[in-house]
Every structure is written in structure tokens, then in C-alpha cells.
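This is upload.txt (compact mmCIF, C-alpha atoms).
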# COMPACT_ATOMS: atom_id res chain seq x y z
CA MET N 6 85.69 85.14 104.46
CA SER N 7 87.82 87.62 106.37
CA LEU N 8 91.59 87.80 106.02
CA ALA N 9 91.88 86.51 109.58
CA GLU N 10 89.75 83.45 108.76
CA ALA N 11 91.58 82.85 105.50
CA LYS N 12 94.92 82.84 107.33
CA SER N 13 93.78 81.09 110.51
CA ASP N 14 96.26 78.25 109.96
CA ARG N 15 99.10 80.78 109.87
CA PRO N 16 101.51 79.46 107.24
CA VAL N 17 104.09 81.82 108.78
CA ASP N 18 104.33 82.37 112.51
CA VAL N 19 107.86 82.59 113.94
CA SER N 20 109.31 84.43 116.93
CA GLY N 21 112.79 85.67 117.76
CA GLY N 22 113.16 87.51 121.03
CA ASN N 23 110.57 90.30 121.12
CA LEU N 24 110.01 90.07 117.34
CA ARG N 25 107.42 87.92 115.56
CA ILE N 26 106.76 87.46 111.86
CA ARG N 27 103.44 86.35 110.36
CA LEU N 28 101.07 87.36 107.56
CA ALA N 29 98.80 90.38 107.85
CA GLU N 30 95.39 89.27 109.02
CA ASP N 31 93.21 92.34 108.54
CA VAL N 32 93.02 95.58 106.61
CA ALA N 33 94.39 97.60 109.53
CA GLU N 34 97.60 95.57 109.51
CA ILE N 35 97.99 95.98 105.74
CA ARG N 36 97.56 99.73 106.15
CA ALA N 37 100.20 99.71 108.87
CA ALA N 38 102.57 98.03 106.40
CA GLN N 39 101.71 100.65 103.77
CA ALA N 40 102.37 103.43 106.31
CA LEU N 41 105.77 101.90 107.11
CA ARG N 42 106.55 101.66 103.40
CA TYR N 43 105.61 105.32 103.01
CA ARG N 44 107.90 106.41 105.85
CA VAL N 45 110.82 104.41 104.46
CA PHE N 46 110.41 104.98 100.72
CA PHE N 47 109.04 108.51 100.61
CA GLU N 48 110.17 110.21 103.82
CA SER N 49 113.59 108.58 104.24
CA MET N 50 114.51 107.92 100.62
CA ALA N 51 114.16 109.70 97.29
CA ALA N 52 110.86 108.20 96.13
CA LYS N 53 108.13 110.57 94.94
CA PRO N 54 104.60 109.84 96.19
CA THR N 55 101.45 110.45 94.23
CA PRO N 56 99.16 113.14 95.68
CA GLU N 57 96.86 110.36 96.93
CA MET N 58 99.71 108.62 98.73
CA ALA N 59 100.93 111.88 100.24
CA ALA N 60 97.45 112.68 101.54
CA ALA N 61 97.06 109.23 103.10
CA GLU N 62 100.73 108.93 104.15
CA ARG N 63 100.67 105.35 102.86
CA ASP N 64 102.43 103.63 99.95
CA PHE N 65 99.78 101.67 98.08
CA ASP N 66 99.01 100.40 94.60
CA SER N 67 96.63 98.12 92.74
CA PHE N 68 98.67 95.02 93.62
CA ASP N 69 98.30 95.19 97.40
CA ASP N 70 94.87 93.53 97.46
CA PHE N 71 96.18 90.48 95.60
CA CYS N 72 99.29 89.88 97.71
CA ASP N 73 100.14 88.39 101.06
CA HIS N 74 101.93 90.78 103.40
CA LEU N 75 104.62 89.38 105.67
CA LEU N 76 104.85 91.56 108.77
CA VAL N 77 107.41 91.80 111.56
CA PHE N 78 105.91 92.87 114.88
CA ASP N 79 107.73 94.15 117.96
CA GLU N 80 105.58 92.50 120.61
CA GLU N 81 106.90 94.90 123.22
CA ARG N 82 104.87 97.51 121.34
CA GLY N 83 101.77 95.30 121.14
CA LYS N 84 100.44 92.72 118.70
CA GLY N 85 98.43 94.75 116.20
CA PRO N 86 99.05 97.46 113.61
CA ASP N 87 100.97 99.74 115.99
CA ALA N 88 103.63 97.05 116.42
CA VAL N 89 104.54 96.62 112.71
CA VAL N 90 108.27 97.32 112.18
CA GLY N 91 109.04 95.37 109.01
CA THR N 92 107.24 94.11 105.92
CA TYR N 93 107.65 92.09 102.73
CA ARG N 94 104.99 91.82 100.02
CA VAL N 95 104.64 88.46 98.27
CA MET N 96 102.46 87.30 95.37
CA ARG N 97 101.84 83.81 93.99
CA ARG N 98 100.42 82.76 90.62
CA GLU N 99 96.78 82.91 91.75
CA GLY N 100 97.16 86.49 92.96
CA ALA N 101 98.85 87.55 89.74
CA ALA N 102 96.09 85.85 87.72
CA ARG N 103 93.42 87.79 89.60
CA ARG N 104 95.36 91.07 89.25
CA GLY N 105 96.21 90.36 85.60
CA GLN N 106 100.01 90.34 85.94
CA PHE N 107 102.95 90.29 88.31
CA TYR N 108 104.30 93.67 89.40
CA THR N 109 107.70 92.76 87.93
CA SER N 110 106.16 92.62 84.44
CA ASP N 111 106.21 96.41 84.30
CA GLU N 112 110.01 96.23 84.17
CA TYR N 113 110.95 92.72 83.01
CA GLN N 114 109.84 90.07 80.56
CA ILE N 115 109.16 87.09 82.82
CA ASP N 116 107.64 84.62 80.35
CA ARG N 117 110.28 81.98 81.15
CA LEU N 118 109.48 82.17 84.86
CA ASP N 119 105.75 82.09 84.19
CA ALA N 120 106.20 78.94 82.12
CA TYR N 121 108.29 77.24 84.81
CA PRO N 122 106.54 74.20 86.34
CA GLY N 123 105.44 74.56 89.93
CA GLU N 124 104.56 77.54 92.08
CA ILE N 125 106.43 80.81 91.69
CA LEU N 126 106.60 83.67 94.16
CA GLU N 127 107.20 87.36 93.55
CA LEU N 128 108.93 89.27 96.35
CA GLY N 129 108.75 93.04 96.71
CA ARG N 130 108.23 96.16 98.81
CA SER N 131 110.67 95.01 101.48
CA CYS N 132 111.40 97.54 104.20
CA VAL N 133 112.24 97.77 107.88
CA ASP N 134 111.81 100.65 110.33
CA PRO N 135 115.23 102.37 110.64
CA THR N 136 115.49 101.64 114.37
CA TYR N 137 115.06 97.90 113.71
CA ARG N 138 117.63 97.44 110.93
CA SER N 139 119.64 94.75 112.63
CA GLY N 140 120.80 91.33 111.56
CA ALA N 141 118.14 89.80 113.80
CA THR N 142 115.30 91.57 111.95
CA MET N 143 116.64 90.70 108.51
CA GLN N 144 117.16 87.08 109.50
CA LEU N 145 113.59 86.92 110.78
CA LEU N 146 112.33 88.28 107.46
CA TRP N 147 114.31 85.60 105.60
CA ARG N 148 113.01 83.00 108.00
CA GLY N 149 109.44 84.10 107.32
CA ILE N 150 110.04 83.78 103.59
CA ALA N 151 111.50 80.30 104.10
CA GLU N 152 108.40 79.24 106.04
CA TYR N 153 106.17 80.63 103.28
CA VAL N 154 108.22 78.76 100.66
CA PHE N 155 107.80 75.50 102.59
CA TYR N 156 104.08 75.99 103.10
CA HIS N 157 103.25 76.77 99.47
CA ASP N 158 105.93 74.53 97.89
CA ILE N 159 107.49 77.41 95.95
CA SER N 160 109.86 76.47 93.10
CA ILE N 161 111.03 79.94 92.05
CA MET N 162 111.28 83.25 93.89
CA PHE N 163 111.83 86.45 91.95
CA GLY N 164 111.39 90.20 92.07
CA CYS N 165 112.92 93.58 91.44
CA ALA N 166 115.66 94.67 93.82
CA SER N 167 117.04 98.19 93.86
CA LEU N 168 120.38 99.95 93.95
CA PRO N 169 120.17 103.59 95.08
CA GLY N 170 120.64 106.13 92.31
CA THR N 171 119.47 106.59 88.74
CA ASP N 172 122.79 106.92 86.88
CA PRO N 173 123.90 103.45 85.74
CA GLN N 174 127.40 104.75 84.99
CA GLN N 175 127.87 105.58 88.65
CA LEU N 176 126.74 102.04 89.45
CA ARG N 177 128.82 100.37 86.76
CA MET N 178 130.98 98.33 89.14
CA PRO N 179 128.15 96.54 91.02
CA LEU N 180 126.06 96.21 87.85
CA ALA N 181 128.95 94.78 85.85
CA TYR N 182 129.82 92.48 88.75
CA LEU N 183 126.25 91.11 88.77
CA HIS N 184 126.24 90.74 84.98
CA HIS N 185 129.53 88.85 84.77
CA HIS N 186 129.24 86.74 87.93
CA HIS N 187 125.54 86.19 88.63
CA LEU N 188 123.67 86.27 85.31
CA ALA N 189 120.82 83.76 85.34
CA PRO N 190 121.06 80.67 83.11
CA PRO N 191 118.96 81.02 79.92
CA PRO N 192 115.94 78.99 81.15
CA LEU N 193 115.53 81.38 84.10
CA ARG N 194 116.81 84.58 82.52
CA THR N 195 114.41 87.50 82.58
CA ARG N 196 115.14 90.52 80.39
CA ALA N 197 114.34 94.17 80.96
CA VAL N 198 111.50 95.33 78.73
CA PRO N 199 112.93 96.89 75.55
CA GLU N 200 111.79 100.43 76.22
CA ARG N 201 113.46 100.45 79.66
CA TYR N 202 116.47 98.20 79.03
CA VAL N 203 119.82 99.44 80.37
CA SER N 204 122.85 97.24 79.74
CA MET N 205 124.64 95.97 82.84
CA ASP N 206 127.68 94.99 80.77
CA LEU N 207 129.34 98.29 81.60
CA LEU N 208 132.87 97.01 82.21
CA PRO N 209 134.88 94.20 80.62
CA PRO N 210 135.33 91.18 82.90
CA ASP N 211 139.00 91.93 83.62
CA GLN N 212 138.08 95.38 84.97
CA VAL N 213 135.46 94.11 87.40
CA LYS N 214 136.76 94.18 90.97
CA VAL N 215 134.77 91.48 92.71
CA SER N 216 135.24 92.75 96.26
CA GLU N 217 134.34 96.30 95.26
CA GLY N 218 131.32 95.16 93.26
CA ARG N 219 129.96 93.05 96.11
CA ARG N 220 130.62 95.76 98.69
CA ALA N 221 128.56 98.24 96.66
CA LEU N 222 125.47 96.00 96.65
CA PRO N 223 122.61 96.70 99.06
CA PRO N 224 122.18 94.09 101.84
CA LEU N 225 118.98 92.74 100.28
CA ILE N 226 120.68 91.84 96.99
CA LYS N 227 123.59 90.28 98.89
CA GLY N 228 121.03 88.19 100.76
CA TYR N 229 119.53 86.92 97.51
CA LEU N 230 122.98 86.02 96.20
CA ARG N 231 123.73 84.05 99.38
CA LEU N 232 120.61 82.02 98.63
CA GLY N 233 122.01 81.14 95.21
CA GLY N 234 120.23 83.93 93.39
CA PHE N 235 120.80 85.13 89.84
CA VAL N 236 120.00 88.37 88.04
CA GLY N 237 118.22 88.95 84.76
CA ASP N 238 119.58 90.61 81.64
CA GLY N 239 119.56 94.39 81.89
CA ALA N 240 118.77 96.96 84.56
CA VAL N 241 115.84 99.38 84.72
CA VAL N 242 116.00 102.96 85.99
CA ASP N 243 113.05 103.84 88.21
CA PRO N 244 112.87 107.64 88.51
CA GLU N 245 109.79 107.46 90.77
CA PHE N 246 111.78 105.64 93.45
CA GLY N 247 115.19 107.12 92.60
CA THR N 248 116.69 103.67 92.02
CA THR N 249 118.20 101.39 89.43
CA ASP N 250 116.52 97.99 89.54
CA VAL N 251 117.71 94.49 88.76
CA CYS N 252 115.56 91.38 88.55
CA VAL N 253 116.64 88.70 91.00
CA VAL N 254 115.67 85.03 90.55
CA VAL N 255 116.18 82.34 93.19
CA LYS N 256 115.54 78.68 92.40
CA THR N 257 114.52 77.24 95.74
CA ASP N 258 116.16 73.86 95.17
CA LEU N 259 119.45 75.78 95.06
CA VAL N 260 118.74 76.91 98.60
CA THR N 261 120.37 74.04 100.43
CA GLU N 262 118.24 71.59 102.37
CA LYS N 263 120.44 72.27 105.36
CA TYR N 264 119.63 75.99 105.21
CA LEU N 265 115.87 75.46 105.00
CA ARG N 266 115.80 72.59 107.52
CA HIS N 267 117.70 74.83 109.89
CA TYR N 268 114.63 77.09 110.11
CA LYS N 269 112.32 74.16 110.79
CA ARG N 270 114.61 72.79 113.49
CA ASP N 271 114.91 76.17 115.19
CA GLU N 272 111.15 76.60 115.23
CA GLN N 273 110.70 73.23 116.93
CA ASP N 274 113.59 73.59 119.37
CA SER N 275 113.50 77.30 120.19
CA THR N 276 112.64 78.63 123.64
CA PRO N 277 111.29 82.10 124.48
CA GLY N 278 113.99 84.68 123.97
CA ASP N 279 115.97 82.72 121.36
CA GLY N 280 117.21 84.81 118.47
CA PRO N 281 116.24 83.80 114.94
CA GLY N 282 118.53 81.45 113.12
CA GLY N 283 119.81 81.66 109.58
CA GLY N 284 122.57 83.46 107.81
CA ALA N 285 121.09 85.77 105.20
With the file now loaded, output its structure as C-alpha cells.
Amino acid sequence: MSLAEAKSDRPVDVSGGNLRIRLAEDVAEIRAAQALRYRVFFESMAAKPTPEMAAAERDFDSFDDFCDHLLVFDEERGKGPDAVVGTYRVMRREGAARRGQFYTSDEYQIDRLDAYPGEILELGRSCVDPTYRSGATMQLLWRGIAEYVFYHDISIMFGCASLPGTDPQQLRMPLAYLHHHHLAPPPLRTRAVPERYVSMDLLPPDQVKVSEGRRALPPLIKGYLRLGGFVGDGAVVDPEFGTTDVCVVVKTDLVTEKYLRHYKRDEQDSTPGDGPGGGA
């Protein structure tokens, strides 16, 4: 069965203006997502590609074949690979079972999430073409995730999210803010693997400036927090990508029914040219 046949019912298919989000439906579209990831991570940021990635000018790994790839298309540029301007990689239990693990397991102990009843979803490799980094594009990405969550009845979303830089001391305010204000409850608390564990408890609570800590967070992490997200215990420095990672966990029943129903209502009531709804 081809990817197009497998996804013929389109669990995600939402438009906002000239932008549309759906799952990749063939290898060419996945490669377009990998090429976008390469441009963002390796050409625009501090990540270091392998020689194979540099030769292909694509960011790829052994997980890609076991994931679904949410893609944002600018339909003014077409409807195929050339129109891909945003992407998010997602993996459910069955994909992780076929691959042998979740990607996050390289950095965090996720046994408690794996044991959680119901479907779980790993989020990763999120990026948007620099010329499309607007609120509308980010809201459409969140809307696509919400549709995917509805379709597959996801209970838990999780994944590694990055702060730029590899010196935790320089990131002590946002890391300490996350640790003291958004640490996951024990049943959902992941922990950085021992050999890579970096404490986030870098400031006492009375020295954490909430507004400064929040302001220093990347938009993606702020978005997870708005959805009721938590972080795991400990950060992980990723020298390959030039980042310091935290593990974010979102329990989908903490995402209010009003927020999720808002997406469904917009999809039913929207007319061509409407912008995407939401508030991530």
C-alpha cells in the first residue's frame, strides 16, 4: 500500500488562507520536509550535519520511515513538494514499536509515559521556513496537531524541545523557571538519562523572575505551556544541534474541550480565505 492510499482518509486536512496542513502522502513530500529541516537546522542554525546529510542537503534519520509527517503547504506555490513551508514529525506507539524506541529515549527515560494507558504521541523536528514564521502558520501547525489528536484519540503528547545554546548556566533563568513552575507531576515525569542529565534547578525559587524566564523561552515551548504542558526532570545538552533540550509532556485532557472544539467548529464553519483559529 502506498503512503497516499494509507492516508486517503486524511486524518488532517485544514486550510487557512493560502496555507493548508495535511500529512505527507508520498516519499517526495517527506524529502521536501527533510530538505526544509536541513535548511532551517543546518544552514540557518548551529546544527552540524553528517557528511551524508550535507551531500543530500536533507535532514534525515532512522526514525523518519516510522513517523507521520505533518506538512504545511503554501498553495500559491502549488500543492506538492515544492509548496512545503512547514513541518512537524509525529510518532505513535505502533511506529515506535516497529522502530524499536521513541526518539526521545535517547535523551530521556520515558517509562512512565510508555506505561500510561491509551495512545501516546511523540512530537519533534518542528520547523517553518523563515519567510512563513507568522502567527498564522504556527496556529495552523497547532491546529493540525489538534486534528491528529482527535483522529487517533491521543492521551499524552511529548517530545524534546530546544533552547538555543549549550551552556546551561547562560540559560539558568528559563531552565529554573521551568523547573520551579512547570515540573511534571510524578506519574508523568520523565527524567534525563543519567549520563546526559543536567540539573535545571539552577536558581532558588525566590531568585526566579517569572516574566524574564518566560520571555527567554522559545515560542514552541511557550505554546506547549499554553496547552497545559509540563517539563521533565533535567535538561540535556545536544552539541550536534547546538541546543539545550527539555522534555515537554502535555496531557490532552488538560487541553480544554473549548480549545479543541474550537478547531472542529472552525473547520465546519470556515469559508475560503478564513485564517486559522486557535491561540497557541
Shortest interatomic distance to N:Asp31 - which of N:Lys214, N:Arg231, N:Arg97, N:His74, counting only C-alpha atoms: N:His74
- prompt: Looking at all atoms listed in the file, which of N:Ala181, N:Ala29, N:Leu75, N:Val251 is the one that sits closest to N:Ala151?
  reply: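 That would be N:Leu75, the residue with the smallest distance to N:Ala151.
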task: Calculate how many Å separate atom CA of N:Pro190 from atom CA of N:Ala221, rounding to one decimal.
output: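 These atoms are spaced 23.4 Å apart.
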- prompt: Looking at N:Cys165, N:Ala120, N:Val19, N:Leu41, which one is nearest to N:Val236, with distances taken over only C-alpha atoms?
  reply: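 Comparing N:Cys165, N:Ala120, N:Val19, N:Leu41 against N:Val236, the winner is N:Cys165.
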- prompt: For the atom pair atom CA of N:Thr109 and atom CA of N:Arg15, what is the interatomic distance in Å to one decimal place?
  reply: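 Answer for the atom CA of N:Thr109 to atom CA of N:Arg15 separation: 26.4 Å.
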task: Please indicate the distance in Å from atom CA of N:Val255 to atom CA of N:Phe235, rounded to one decimal place.
output: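 A separation of 6.4 Å between them.
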Distance criterion (only C-alpha atoms): nearest to N:Ser20 out of N:Gly123, N:Gly140, N:Gly129, N:Gly149: N:Gly149
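Across N:Ser139, N:Ser204, N:Ser216, N:Thr92, the tightest approach to N:Gly237 is made by N:Ser204 when counting only C-alpha atoms.
Residue nearest N:Asp243 within the list N:Ser67, N:Thr195, N:Ser167, N:Gln212: N:Ser167 [criterion: smallest interatomic distance, all atoms listed in the file].
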Which residues, written as a PDB file with C-alpha atoms, in the coordinates of the input, have at least one atom at most 7 Å from stretch 218-220 of chain N, with only C-alpha atoms counted and residues fewer than 4 positions away on the same chain left out?
ATOM      1  CA  MET N 178     130.980  98.330  89.140  1.00  0.00           C
ATOM      2  CA  PRO N 179     128.150  96.540  91.020  1.00  0.00           C
ATOM      3  CA  TYR N 182     129.820  92.480  88.750  1.00  0.00           C
ATOM      4  CA  LYS N 214     136.760  94.180  90.970  1.00  0.00           C
TER       5      LYS N 214
END
query: Do you know which residues are at most 7 Å from stretch 222-229 of chain N counting all atoms listed in the file, after dropping those on the same chain fewer than 4 positions away, and could you put them as a ChimeraX atom specification?
result: /N:166,168,179,218,233-234,285
- request: Please tell me which residues are no farther than 12 Å from (113.4, 107.5, 94.7) in the file, counting all atoms listed in the file, and write them as an NGL selection string.
  value: :N and (43 or 45-54 or 167-171 or 242-250)
